[in-house]
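File shown: coords34.txt (compact mmCIF, C-alpha atoms and all ligand atoms).
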```txt
# COMPACT_ATOMS: atom_id res chain seq x y z
CA MET A 1440 14.22 14.53 -9.88
CA LYS A 1441 11.41 12.00 -10.18
CA LEU A 1442 9.93 10.52 -13.36
CA LEU A 1443 6.60 8.82 -13.92
CA VAL A 1444 5.71 6.94 -17.12
CA ILE A 1445 2.05 6.24 -17.90
CA SER A 1446 1.38 4.09 -20.96
CA PHE A 1447 -1.96 3.42 -22.58
CA GLY A 1448 -2.76 0.61 -24.97
CA CYS A 1449 -0.69 -2.18 -26.41
CA GLN A 1450 2.56 -3.77 -25.24
CA MET A 1451 4.53 -1.82 -27.84
CA SER A 1452 3.24 1.34 -26.25
CA VAL A 1453 4.45 0.15 -22.83
CA ALA A 1454 7.86 -0.74 -24.30
CA ASP A 1455 8.08 2.66 -26.02
CA GLY A 1456 7.29 4.37 -22.71
CA ASP A 1457 10.12 2.45 -21.08
CA GLU A 1458 12.48 3.35 -23.91
CA MET A 1459 11.57 7.02 -23.68
CA ALA A 1460 12.25 7.00 -19.98
CA ARG A 1461 15.84 5.84 -20.44
CA PRO A 1462 17.44 9.18 -21.40
CA LEU A 1463 15.76 10.75 -18.38
CA ARG A 1464 16.93 7.94 -16.11
CA ALA A 1465 20.42 8.39 -17.53
CA ARG A 1466 20.08 12.05 -16.55
CA GLY A 1467 19.51 11.00 -12.96
CA PHE A 1468 15.73 10.90 -12.85
CA THR A 1469 14.49 8.19 -10.49
CA ALA A 1470 11.09 6.50 -10.44
CA ALA A 1471 8.27 8.58 -8.95
CA LYS A 1472 5.79 6.83 -6.68
CA GLY A 1473 2.91 8.64 -8.29
CA LEU A 1474 1.85 11.90 -9.88
CA ASP A 1475 2.29 13.96 -6.73
CA ASP A 1476 6.03 13.49 -6.43
CA ALA A 1477 6.74 13.41 -10.19
CA ASP A 1478 8.88 16.18 -11.70
CA ALA A 1479 8.46 14.78 -15.19
CA LEU A 1480 5.73 12.70 -16.75
CA ILE A 1481 5.82 10.73 -19.99
CA LEU A 1482 2.31 9.95 -21.12
CA ASN A 1483 2.59 7.38 -23.85
CA THR A 1484 -0.55 7.21 -25.93
CA CYS A 1485 -2.09 4.60 -28.18
CA THR A 1486 -4.56 5.19 -30.96
CA VAL A 1487 -5.20 1.68 -32.21
CA ARG A 1488 -8.46 1.63 -30.29
CA GLN A 1489 -10.64 4.68 -29.70
CA GLN A 1490 -11.02 3.78 -26.02
CA ALA A 1491 -7.25 3.97 -25.36
CA GLU A 1492 -7.04 7.34 -27.13
CA ASP A 1493 -10.02 8.69 -25.19
CA ARG A 1494 -8.49 7.60 -21.88
CA ALA A 1495 -5.20 9.30 -22.74
CA VAL A 1496 -6.91 12.55 -23.75
CA SER A 1497 -8.96 12.59 -20.58
CA GLN A 1498 -5.81 11.95 -18.52
CA ILE A 1499 -4.07 14.91 -20.21
CA GLY A 1500 -7.06 17.09 -19.30
CA ARG A 1501 -6.73 16.07 -15.65
CA LEU A 1502 -3.04 17.05 -15.69
CA ARG A 1503 -3.76 20.77 -15.92
CA ARG A 1504 -3.84 21.03 -12.13
CA TRP A 1505 -0.64 18.99 -11.84
CA LYS A 1506 1.13 21.50 -14.11
CA ASP A 1507 -0.48 24.54 -12.47
CA GLU A 1508 0.82 23.43 -9.06
CA ARG A 1509 4.42 23.43 -10.33
CA PRO A 1510 4.74 24.88 -13.84
CA GLU A 1511 8.40 23.78 -14.09
CA ARG A 1512 7.26 20.16 -14.26
CA LEU A 1513 7.91 18.48 -17.60
CA LEU A 1514 4.97 16.93 -19.43
CA ILE A 1515 5.78 14.80 -22.50
CA VAL A 1516 2.98 13.30 -24.56
CA ALA A 1517 4.22 10.64 -26.93
CA GLY A 1518 3.10 7.71 -29.05
CA CYS A 1519 0.54 7.00 -31.72
CA ALA A 1520 -2.15 9.45 -30.62
CA ALA A 1521 0.53 12.14 -30.40
CA GLU A 1522 1.29 11.38 -34.04
CA ARG A 1523 -2.32 11.32 -35.16
CA ILE A 1524 -3.72 14.30 -33.25
CA GLY A 1525 -0.54 16.05 -32.05
CA ASP A 1526 -1.49 19.49 -33.43
CA TRP A 1527 -4.90 19.29 -31.82
CA LEU A 1528 -3.33 18.20 -28.50
CA ARG A 1529 -0.90 21.17 -28.54
CA THR A 1530 -3.76 23.61 -29.10
CA ARG A 1531 -6.20 21.98 -26.72
CA PHE A 1532 -3.67 21.47 -23.89
CA PRO A 1533 -1.09 24.28 -24.18
CA TYR A 1534 0.60 23.15 -20.96
CA ILE A 1535 2.09 20.09 -22.72
CA ASP A 1536 5.85 20.66 -23.02
CA LEU A 1537 6.68 18.12 -25.69
CA VAL A 1538 4.56 16.22 -28.18
CA VAL A 1539 6.56 13.37 -29.72
CA GLY A 1540 4.73 11.43 -32.42
CA ALA A 1541 5.39 7.73 -32.91
CA LYS A 1542 7.29 8.42 -36.14
CA SER A 1543 9.67 10.77 -34.29
CA ILE A 1544 10.71 8.37 -31.56
CA GLU A 1545 14.18 7.89 -33.07
CA GLN A 1546 14.74 11.66 -32.86
CA TYR A 1547 13.31 11.80 -29.37
CA PRO A 1548 16.65 11.94 -27.46
CA ILE A 1549 17.62 15.08 -29.44
CA ILE A 1550 14.20 16.69 -28.95
CA LEU A 1551 14.31 15.85 -25.26
CA GLU A 1552 17.82 17.19 -24.86
CA ALA A 1553 16.72 20.55 -26.25
CA ALA A 1554 13.71 20.66 -23.93
CA LEU A 1555 15.79 19.76 -20.88
CA LYS A 1556 18.32 22.46 -21.65
CA GLU A 1557 15.56 25.02 -21.79
CA ARG A 1558 13.83 23.83 -18.69
CA PHE A 1559 16.38 22.66 -16.13
CA SER A 1560 19.52 24.61 -15.30
CA TRP A 1561 21.26 21.44 -14.18
CA ALA A 1562 20.82 20.15 -17.70
CA ARG A 1563 22.87 23.09 -18.98
CA ASP A 1564 25.49 22.42 -16.34
CA ASN A 1565 25.64 18.78 -17.29
CA ALA A 1566 25.46 19.13 -21.04
CA GLY A 1567 27.14 16.06 -22.51
CA ALA A 1568 26.55 13.91 -19.43
CA TRP A 1569 24.33 11.70 -21.48
CA ASP A 1570 26.07 10.37 -24.56
CA GLY A 1571 22.98 8.92 -26.18
CA ARG A 1572 23.74 5.29 -25.38
CA ASP A 1573 20.97 3.30 -23.76
CA PRO A 1574 21.66 2.32 -20.18
CA ALA A 1575 20.84 -1.21 -19.13
CA PRO A 1576 17.11 -1.88 -19.21
CA GLY A 1577 15.15 -3.16 -16.26
CA THR A 1578 13.91 -6.72 -16.04
CA ALA A 1579 10.64 -5.97 -17.89
CA GLY A 1580 12.03 -7.89 -20.84
CA PHE A 1581 10.54 -6.12 -23.84
CA VAL A 1582 12.85 -5.36 -26.74
CA THR A 1583 11.43 -3.47 -29.71
CA ILE A 1584 13.05 -4.86 -32.87
CA MET A 1585 11.12 -2.92 -35.50
CA ARG A 1586 8.70 -0.06 -35.83
CA GLY A 1587 5.98 0.73 -38.32
CA CYS A 1588 4.16 -1.51 -40.74
CA ASN A 1589 4.28 -2.03 -44.51
CA TYR A 1590 0.74 -3.40 -44.64
CA ALA A 1591 -2.51 -1.56 -45.06
CA CYS A 1592 -5.16 -3.50 -43.17
CA SER A 1593 -8.27 -1.47 -43.84
CA TYR A 1594 -9.27 -1.19 -40.17
CA CYS A 1595 -5.85 -0.23 -38.79
CA ILE A 1596 -4.43 3.22 -38.08
CA VAL A 1597 -0.92 1.96 -37.35
CA PRO A 1598 0.66 2.45 -40.82
CA ALA A 1599 -0.60 6.06 -40.83
CA VAL A 1600 0.75 6.92 -37.38
CA ARG A 1601 3.90 4.81 -37.28
CA GLY A 1602 4.98 4.90 -40.91
CA PRO A 1603 6.73 2.17 -42.89
CA GLU A 1604 8.75 -0.59 -41.29
CA ALA A 1605 12.15 0.28 -39.84
CA TYR A 1606 14.28 -2.50 -38.42
CA ARG A 1607 16.60 -2.31 -35.47
CA PRO A 1608 20.05 -3.74 -36.23
CA LEU A 1609 20.65 -7.27 -34.99
CA GLU A 1610 23.62 -6.24 -32.85
CA ALA A 1611 21.54 -3.59 -31.07
CA VAL A 1612 18.80 -6.16 -30.42
CA LEU A 1613 21.32 -8.64 -29.04
CA GLU A 1614 23.04 -5.97 -26.96
CA GLN A 1615 19.77 -5.04 -25.29
CA THR A 1616 18.92 -8.72 -24.81
CA ARG A 1617 22.31 -9.34 -23.16
CA ALA A 1618 21.83 -6.25 -20.97
CA LEU A 1619 18.45 -7.61 -19.93
CA ALA A 1620 20.04 -10.94 -18.98
CA THR A 1621 22.82 -9.16 -17.06
CA SER A 1622 20.23 -7.25 -15.06
CA GLY A 1623 18.51 -10.51 -14.09
CA GLY A 1624 15.88 -10.82 -16.82
CA LYS A 1625 15.11 -14.41 -17.78
CA GLU A 1626 12.49 -13.81 -20.45
CA VAL A 1627 12.74 -11.53 -23.46
CA THR A 1628 9.81 -10.55 -25.66
CA PHE A 1629 10.66 -9.14 -29.07
CA LEU A 1630 8.13 -6.55 -30.19
CA GLY A 1631 7.06 -5.29 -33.58
CA GLN A 1632 3.80 -4.62 -35.42
CA THR A 1633 4.64 -7.52 -37.73
CA VAL A 1634 7.56 -8.74 -35.70
CA ASN A 1635 8.46 -11.70 -37.90
CA SER A 1636 8.97 -9.51 -40.96
CA TRP A 1637 12.20 -8.23 -39.32
CA ARG A 1638 15.20 -8.30 -41.63
CA ASP A 1639 18.45 -6.47 -42.09
CA ALA A 1640 20.78 -5.23 -44.80
CA GLN A 1641 22.95 -8.36 -44.48
CA GLY A 1642 20.01 -10.50 -45.58
CA ARG A 1643 19.29 -11.90 -42.12
CA ASP A 1644 15.67 -12.50 -41.21
CA PHE A 1645 13.64 -13.13 -38.09
CA ALA A 1646 14.64 -16.81 -38.03
CA ASP A 1647 18.29 -15.71 -37.83
CA LEU A 1648 17.43 -13.26 -35.08
CA LEU A 1649 15.75 -15.98 -33.02
CA ARG A 1650 18.75 -18.28 -33.45
CA ALA A 1651 21.14 -15.50 -32.39
CA ALA A 1652 19.01 -14.63 -29.36
CA ASP A 1653 18.85 -18.31 -28.43
CA ALA A 1654 22.59 -18.15 -27.77
CA VAL A 1655 22.38 -15.26 -25.27
CA ALA A 1656 23.48 -16.62 -21.90
CA GLY A 1657 21.13 -16.02 -19.00
CA ILE A 1658 18.01 -15.66 -21.14
CA GLU A 1659 15.82 -18.68 -20.54
CA ARG A 1660 12.79 -17.91 -22.64
CA ILE A 1661 12.12 -15.97 -25.86
CA ARG A 1662 8.73 -14.68 -26.94
CA PHE A 1663 7.65 -12.35 -29.72
CA MET A 1664 4.57 -10.44 -30.72
CA SER A 1665 2.78 -9.96 -32.92
CA PRO A 1666 3.74 -12.18 -35.85
CA HIS A 1667 1.99 -11.82 -39.20
CA PRO A 1668 0.78 -15.11 -40.75
CA PHE A 1669 2.38 -14.15 -44.09
CA PHE A 1670 5.90 -14.42 -42.63
CA LEU A 1671 5.34 -17.77 -40.96
CA GLY A 1672 7.32 -19.78 -43.51
CA PRO A 1673 9.60 -22.85 -43.47
CA ARG A 1674 12.69 -20.95 -42.22
CA LEU A 1675 10.84 -19.57 -39.22
CA LEU A 1676 9.19 -22.93 -38.50
CA ALA A 1677 12.63 -24.56 -38.50
CA ALA A 1678 14.00 -21.90 -36.16
CA LEU A 1679 11.05 -22.34 -33.80
CA ALA A 1680 11.65 -26.08 -33.75
CA GLU A 1681 15.41 -25.86 -33.35
CA THR A 1682 15.85 -23.07 -30.80
CA ALA A 1683 15.67 -24.36 -27.24
CA LYS A 1684 14.50 -21.13 -25.67
CA THR A 1685 11.68 -20.00 -27.94
CA ALA A 1686 8.46 -20.37 -25.96
CA PRO A 1687 6.04 -23.02 -27.26
CA HIS A 1688 3.33 -20.41 -27.73
CA MET A 1689 2.44 -18.21 -30.66
CA HIS A 1690 -0.14 -15.46 -30.82
CA LEU A 1691 -1.13 -15.47 -34.49
CA PRO A 1692 -3.79 -12.87 -35.36
CA ALA A 1693 -6.49 -14.33 -37.64
CA GLN A 1694 -9.08 -11.48 -37.43
CA SER A 1695 -11.83 -13.27 -39.38
CA GLY A 1696 -12.77 -16.66 -40.77
CA SER A 1697 -14.57 -15.27 -43.81
CA ASP A 1698 -12.49 -14.94 -46.98
CA ARG A 1699 -14.78 -12.15 -48.16
CA VAL A 1700 -14.18 -10.19 -44.94
CA LEU A 1701 -10.46 -11.00 -44.91
CA LYS A 1702 -10.25 -9.50 -48.40
CA ALA A 1703 -12.11 -6.37 -47.29
CA MET A 1704 -9.75 -6.17 -44.31
CA ARG A 1705 -6.82 -6.41 -46.77
CA ARG A 1706 -5.31 -9.31 -44.92
CA ASN A 1707 -3.29 -11.31 -47.43
CA TYR A 1708 -4.47 -14.80 -46.53
CA THR A 1709 -7.59 -16.93 -46.56
CA ALA A 1710 -9.12 -18.85 -43.68
CA ALA A 1711 -7.86 -22.11 -45.22
CA SER A 1712 -4.29 -20.84 -45.65
CA LEU A 1713 -4.24 -19.55 -42.08
CA LEU A 1714 -5.43 -22.90 -40.73
CA GLU A 1715 -2.78 -24.60 -42.87
CA LYS A 1716 -0.13 -22.39 -41.19
CA VAL A 1717 -1.49 -23.35 -37.77
CA ARG A 1718 -1.25 -27.04 -38.72
CA ALA A 1719 2.32 -26.58 -40.01
CA LEU A 1720 3.21 -24.80 -36.76
CA ARG A 1721 1.83 -27.65 -34.67
CA ALA A 1722 3.66 -30.20 -36.81
CA ALA A 1723 6.96 -28.32 -36.46
CA VAL A 1724 6.62 -27.67 -32.71
CA PRO A 1725 4.54 -30.43 -31.12
CA GLY A 1726 2.55 -29.14 -28.16
CA ILE A 1727 2.81 -25.47 -29.16
CA GLN A 1728 -0.15 -23.41 -27.95
CA VAL A 1729 -1.66 -20.99 -30.45
CA SER A 1730 -3.79 -17.99 -29.56
CA THR A 1731 -5.32 -15.41 -31.88
CA ASP A 1732 -7.20 -12.13 -32.39
CA LEU A 1733 -10.70 -12.04 -33.88
CA ILE A 1734 -12.93 -9.14 -34.89
CA ALA A 1735 -16.73 -9.36 -34.83
CA GLY A 1736 -18.95 -7.02 -36.82
CA PHE A 1737 -16.63 -5.76 -39.57
CA PRO A 1738 -18.55 -3.58 -42.07
CA GLY A 1739 -20.64 -5.75 -44.38
CA GLU A 1740 -20.16 -8.88 -42.26
CA THR A 1741 -23.13 -11.16 -42.88
CA GLU A 1742 -24.36 -13.90 -40.58
CA GLU A 1743 -22.67 -16.34 -42.95
CA ASP A 1744 -19.36 -14.47 -42.66
CA PHE A 1745 -19.65 -14.47 -38.89
CA SER A 1746 -20.40 -18.21 -38.88
CA ALA A 1747 -17.15 -18.67 -40.81
CA THR A 1748 -15.32 -16.85 -38.00
CA LEU A 1749 -16.91 -19.16 -35.43
CA ARG A 1750 -15.86 -22.11 -37.57
CA LEU A 1751 -12.28 -20.85 -37.83
CA ALA A 1752 -12.16 -20.36 -34.06
CA ARG A 1753 -13.29 -23.96 -33.56
CA GLU A 1754 -11.02 -25.49 -36.21
CA GLY A 1755 -8.03 -23.46 -35.08
CA ASP A 1756 -8.53 -24.86 -31.57
CA PHE A 1757 -6.95 -21.71 -30.14
CA CYS A 1758 -5.96 -21.78 -26.49
CA ALA A 1759 -7.12 -18.16 -26.18
CA ALA A 1760 -8.51 -15.46 -28.43
CA TYR A 1761 -8.65 -11.72 -27.96
CA CYS A 1762 -11.99 -10.83 -29.46
CA PHE A 1763 -12.97 -7.32 -30.40
CA ARG A 1764 -16.11 -5.66 -31.58
CA PHE A 1765 -15.26 -3.74 -34.77
CA SER A 1766 -14.73 -0.11 -33.89
CA ALA A 1767 -14.30 2.36 -36.75
CA ARG A 1768 -11.09 4.39 -36.46
CA GLU A 1769 -11.27 7.76 -38.08
CA GLY A 1770 -8.79 7.95 -40.94
CA THR A 1771 -8.97 4.27 -41.83
CA GLU A 1772 -10.53 2.83 -44.97
CA ALA A 1773 -12.88 0.61 -42.95
CA ALA A 1774 -14.42 3.63 -41.21
CA SER A 1775 -16.02 4.72 -44.48
CA LEU A 1776 -16.90 1.30 -45.88
CA PRO A 1777 -20.59 0.74 -46.58
CA GLY A 1778 -22.47 -1.76 -44.44
CA GLN A 1779 -21.48 -0.50 -40.97
CA LEU A 1780 -23.35 -2.74 -38.52
CA PRO A 1781 -25.46 -1.47 -35.64
CA ASP A 1782 -23.77 -1.61 -32.22
CA GLY A 1783 -26.37 -4.05 -30.91
CA LEU A 1784 -25.60 -6.59 -33.62
CA LYS A 1785 -21.84 -6.22 -33.13
CA GLU A 1786 -22.29 -6.75 -29.38
CA GLU A 1787 -24.45 -9.80 -29.95
CA ARG A 1788 -21.89 -11.40 -32.29
CA LEU A 1789 -19.04 -10.56 -29.94
CA ALA A 1790 -20.91 -12.26 -27.09
CA ARG A 1791 -21.42 -15.42 -29.19
CA LEU A 1792 -17.77 -15.43 -30.19
CA LEU A 1793 -16.62 -14.97 -26.59
CA GLU A 1794 -18.84 -17.80 -25.42
CA LEU A 1795 -17.12 -20.13 -27.88
CA VAL A 1796 -13.51 -19.05 -27.32
CA ASP A 1797 -13.87 -18.83 -23.53
CA ALA A 1798 -15.13 -22.43 -23.46
CA GLN A 1799 -12.14 -23.44 -25.59
CA THR A 1800 -9.79 -21.66 -23.22
CA ARG A 1801 -11.28 -23.51 -20.23
CA ARG A 1802 -10.85 -26.80 -22.08
CA HIS A 1803 -7.19 -26.02 -22.80
CA LEU A 1804 -6.67 -25.02 -19.19
CA ASP A 1805 -8.26 -28.28 -17.99
CA ALA A 1806 -5.96 -30.25 -20.28
CA MET A 1807 -2.98 -28.78 -18.45
CA ARG A 1808 -3.94 -30.35 -15.11
CA GLY A 1809 -1.15 -32.59 -13.81
CA ARG A 1810 1.43 -31.23 -16.24
CA ARG A 1811 4.70 -29.75 -15.21
CA VAL A 1812 5.30 -26.10 -16.12
CA ARG A 1813 8.10 -23.64 -15.51
CA VAL A 1814 6.82 -20.33 -14.19
CA ILE A 1815 8.87 -17.14 -14.44
CA LEU A 1816 7.53 -15.11 -11.55
CA GLU A 1817 6.47 -11.52 -12.15
CA ASP A 1818 5.57 -11.04 -8.51
CA SER A 1819 5.79 -13.39 -5.53
CA THR A 1820 3.12 -15.85 -6.73
CA ASP A 1821 2.06 -15.01 -10.29
CA GLY A 1822 3.95 -15.47 -13.52
CA ARG A 1823 3.97 -16.90 -17.00
CA THR A 1824 4.40 -20.49 -18.00
CA GLU A 1825 6.32 -21.33 -21.14
CA GLY A 1826 3.01 -21.60 -23.01
CA CYS A 1827 -0.01 -19.38 -23.45
CA PHE A 1828 -1.15 -19.25 -19.86
CA ARG A 1829 -0.28 -17.39 -16.71
CA ALA A 1830 -0.06 -19.35 -13.47
CA ARG A 1831 -0.50 -18.66 -9.77
CA LEU A 1832 1.67 -20.67 -7.41
CA ASP A 1833 0.51 -22.08 -4.09
CA ALA A 1834 3.56 -20.68 -2.29
CA PRO A 1835 5.39 -17.37 -2.66
CA GLY A 1836 8.73 -17.21 -4.44
CA THR A 1837 11.17 -14.54 -5.54
CA PRO A 1838 10.00 -12.30 -8.38
CA GLY A 1839 12.13 -12.77 -11.48
CA THR A 1840 13.07 -16.36 -10.69
CA ALA A 1841 11.91 -19.46 -12.58
CA VAL A 1842 10.02 -22.07 -10.59
CA ASP A 1843 9.06 -25.57 -11.70
CA ALA A 1844 5.51 -26.40 -10.73
CA GLU A 1845 2.75 -28.91 -11.27
CA VAL A 1846 -0.62 -27.70 -12.53
CA THR A 1847 -3.34 -28.44 -9.97
CA GLY A 1848 -6.32 -26.49 -11.30
CA ARG A 1849 -7.45 -23.33 -13.00
CA THR A 1850 -9.40 -20.13 -12.87
CA ASP A 1851 -11.33 -19.07 -15.99
CA THR A 1852 -8.19 -17.72 -17.62
CA ALA A 1853 -5.13 -18.94 -15.72
CA LEU A 1854 -3.56 -21.98 -14.12
CA LYS A 1855 -3.15 -22.83 -10.47
CA ALA A 1856 0.06 -24.67 -9.74
CA ARG A 1857 2.01 -26.29 -6.90
CA ALA A 1858 5.64 -25.25 -6.68
CA LEU A 1859 7.96 -28.23 -6.81
CA ALA A 1860 10.69 -28.47 -4.23
CA SER A 1861 13.72 -28.93 -6.44
CA ALA A 1862 13.84 -26.99 -9.65
CA PRO A 1863 16.12 -28.54 -12.25
CA SER A 1864 17.82 -26.06 -14.50
CA GLY A 1865 17.01 -25.71 -18.18
CA VAL A 1866 13.82 -25.16 -20.07
CA VAL A 1867 10.89 -27.53 -19.70
CA SER A 1868 8.83 -27.78 -22.86
CA LEU A 1869 5.13 -28.46 -22.93
CA THR A 1870 4.17 -31.75 -24.46
CA ALA A 1871 0.86 -32.45 -26.12
S1 LIG B 1901 -0.33 -5.83 -40.18
FE1 LIG B 1901 -2.31 -4.80 -40.42
S2 LIG B 1901 -3.19 -4.83 -38.32
FE2 LIG B 1901 -1.00 -5.23 -38.10
S3 LIG B 1901 -0.09 -3.19 -37.75
FE3 LIG B 1901 0.03 -3.60 -39.96
S4 LIG B 1901 -1.80 -2.65 -40.84
FE4 LIG B 1901 -2.14 -2.85 -38.62
```

What is this structure when it is put down as structure tokens?
Amino acid sequence: MKLLVISFGCQMSVADGDEMARPLRARGFTAAKGLDDADALILNTCTVRQQAEDRAVSQIGRLRRWKDERPERLLIVAGCAAERIGDWLRTRFPYIDLVVGAKSIEQYPIILEAALKERFSWARDNAGAWDGRDPAPGTAGFVTIMRGCNYACSYCIVPAVRGPEAYRPLEAVLEQTRALATSGGKEVTFLGQTVNSWRDAQGRDFADLLRAADAVAGIERIRFMSPHPFFLGPRLLAALAETAKTAPHMHLPAQSGSDRVLKAMRRNYTAASLLEKVRALRAAVPGIQVSTDLIAGFPGETEEDFSATLRLAREGDFCAAYCFRFSAREGTEAASLPGQLPDGLKEERLARLLELVDAQTRRHLDAMRGRRVRVILEDSTDGRTEGCFRARLDAPGTPGTAVDAEVTGRTDTALKARALASAPSGVVSLTA
């Protein structure tokens, strides 16, 4: 039996798709090469941006023929869009076998078990073969440590579709991290909507989690996304500074540089307090690279507000910024705020913002020339450095291995690097 997983949207969606595939893999499903040879398909949807939801819906429409060819095939639609528009999906596409909303992911193994028993006779014969424990993950390296969000940013659909925060126990996080290391993974990325708000009933927080993960043998590098500025306090700064394996890179979403807009977005910080956090981060971890998210054209954004965002981008000196044109998501507060801006104006502001942040990125890339980096290869030549940037090596290596290299140049968004002959062990940190 062959399984294909298609994930749309953010990295959490990709990680969820991987997690949902595990019970099927434990049942003996192997990876399908493509749709044609797949017996089961998990389509993991995202609803944070309209475009990702539209792409998922259009993909489901195209699957009618796939199901008609072999009606016994299993089609599972999961994720945030399944939560938000699940009823509509069931009615519109009656050939979907299972719709699993993002809030139901913890119950998914039970739901799946019932569906498998109905659908595949071998499942009846092998009832009990899967005991519910996760098998070892692959080397992808993503470990979801929490789900949901306790915030209410006015533009965001996540709290509605994923519910309040739920934290994975520390031992389960460490167990999956160790399993990743055992299967050859060198880099782990902890995922959560506000990943650094993780905590547990024993009073441990995200700083404790990082310190515990730092001790996992075989793991060479730890990343996390996306942190919320509110939870970037002294304990976390100390943990970042004192753990050897935490990557010297943080993606810290700012969203806007205007305090008026930040208030309307219901972000709980000001531009000044965010920049103060960035300064504290750089003081605690010298050489750390900081990237961000910015939104152009939020409802009611004036030219003055937008100028404040440009100013924040400059003063933050971000190595990269993911910039978005505000797009109203149905069901969010921001969708019905007065002062929605015309598309042309949003596009124009986005273009100005991109011009600024892309130039900053090129400057940061140029500053890396001649430095030594350690690249964990994702394929034979391309991988991630310990910082913000990806790198392409001049000579092929083995995917999954770490290679020391010297930066020789850049593209617009990545580094070019020369692999060094002898790679000393350990983690090489970027220096300013
Ligand atoms: S912190 Fe805000 S933007 Fe992030 S998931 Fe929660 S509500 Fe959405």

Enumerate as a JSON list (two decimals) with C-alpha atoms, in the coordinates of the input the residues within 6 Å of ligand LIG 1901 (chain B), counting all atoms listed in the file.
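Result file follows (part-v8.json):
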```json
[["chain", "number", "residue", "atom", "x", "y", "z"],
["A", 1588, "CYS", "CA", 4.16, -1.51, -40.74],
["A", 1590, "TYR", "CA", 0.74, -3.40, -44.64],
["A", 1591, "ALA", "CA", -2.51, -1.56, -45.06],
["A", 1592, "CYS", "CA", -5.16, -3.50, -43.17],
["A", 1595, "CYS", "CA", -5.85, -0.23, -38.79],
["A", 1597, "VAL", "CA", -0.92, 1.96, -37.35],
["A", 1598, "PRO", "CA", 0.66, 2.45, -40.82],
["A", 1632, "GLN", "CA", 3.80, -4.62, -35.42],
["A", 1633, "THR", "CA", 4.64, -7.52, -37.73]]
```

Identify, on the basis of only C-alpha atoms, every residue whose closest approach to A:Ala1656 does not exceed 10 Å; exclude the query and any residue fewer than 5 positions from it along the same chain; express the result as JSON, numbers by chain. {"A": [1616, 1617, 1620, 1621, 1625]}

- Item | Residues within 12 Å of A:Gly1456, only C-alpha atoms, excluding chain neighbours under 6 positions, as a PyMOL selection string | chain A and resi 1442-1450+1462-1463+1480-1485+1515-1519+1539+1541+1544+1547+1579+1581-1583

### Message
Just the number, please: distance in Å from atom CA of A:Trp1527 to atom CA of A:Ala1460, one decimal.
### Response
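Distance between the two atoms: 24.2 Å.
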
**Asked** A:Thr1685, A:Gln1694, A:Thr1628, A:Ser1775: which is nearest A:Ala1646, counting all atoms listed in the file?
**Response**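 Between A:Thr1685, A:Gln1694, A:Thr1628, A:Ser1775, the residue approaching A:Ala1646 most closely is A:Thr1685.
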
Tell me, in Å to one decimal, how far atom CA of A:Ala1830 is from atom CA of A:Thr1847.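 According to the coordinates, atom CA of A:Ala1830 and atom CA of A:Thr1847 are separated by 10.3 Å.
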
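Remark: for A:Gln1799, the closest of the candidate residues A:Ala1752, A:Leu1832, A:Ala1774, A:Leu1514 is A:Ala1752 (distances computed over only C-alpha atoms).
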
Note to self: Let me make sure I understand: among A:Ala1711, A:Val1612, A:Ala1834, A:Val1724, which one has the smallest atom-to-atom distance to A:Asp1818 if we use all atoms listed in the file?
What the structure shows: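 Answer, going by the shortest atom-to-atom distance: A:Ala1834.
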
Kindly add N, CA, C and O atoms to the incomplete stretch 1812-1818 of chain A and provide the output as an mmCIF file, in the frame of the given file.
```cif
data_model
loop_
_atom_site.group_PDB
_atom_site.id
_atom_site.type_symbol
_atom_site.label_atom_id
_atom_site.label_comp_id
_atom_site.auth_asym_id
_atom_site.auth_seq_id
_atom_site.Cartn_x
_atom_site.Cartn_y
_atom_site.Cartn_z
ATOM 1 N N VAL A 1812 5.033 -27.356 -15.406
ATOM 2 C CA VAL A 1812 5.300 -26.100 -16.120
ATOM 3 C C VAL A 1812 6.444 -25.383 -15.410
ATOM 4 O O VAL A 1812 6.775 -25.708 -14.261
ATOM 5 N N ARG A 1813 7.037 -24.452 -16.116
ATOM 6 C CA ARG A 1813 8.100 -23.640 -15.510
ATOM 7 C C ARG A 1813 7.605 -22.195 -15.511
ATOM 8 O O ARG A 1813 7.355 -21.614 -16.579
ATOM 9 N N VAL A 1814 7.436 -21.648 -14.334
ATOM 10 C CA VAL A 1814 6.820 -20.330 -14.190
ATOM 11 C C VAL A 1814 7.898 -19.297 -13.903
ATOM 12 O O VAL A 1814 8.649 -19.434 -12.935
ATOM 13 N N ILE A 1815 7.975 -18.263 -14.752
ATOM 14 C CA ILE A 1815 8.870 -17.140 -14.440
ATOM 15 C C ILE A 1815 8.028 -16.114 -13.702
ATOM 16 O O ILE A 1815 7.070 -15.561 -14.250
ATOM 17 N N LEU A 1816 8.383 -15.913 -12.437
ATOM 18 C CA LEU A 1816 7.530 -15.110 -11.550
ATOM 19 C C LEU A 1816 7.645 -13.620 -11.857
ATOM 20 O O LEU A 1816 8.744 -13.077 -11.956
ATOM 21 N N GLU A 1817 6.487 -12.969 -11.959
ATOM 22 C CA GLU A 1817 6.470 -11.520 -12.150
ATOM 23 C C GLU A 1817 6.243 -10.825 -10.820
ATOM 24 O O GLU A 1817 6.588 -9.661 -10.647
ATOM 25 N N ASP A 1818 5.600 -11.501 -9.899
ATOM 26 C CA ASP A 1818 5.570 -11.040 -8.510
ATOM 27 C C ASP A 1818 5.781 -12.284 -7.646
ATOM 28 O O ASP A 1818 6.275 -13.294 -8.148
#
```
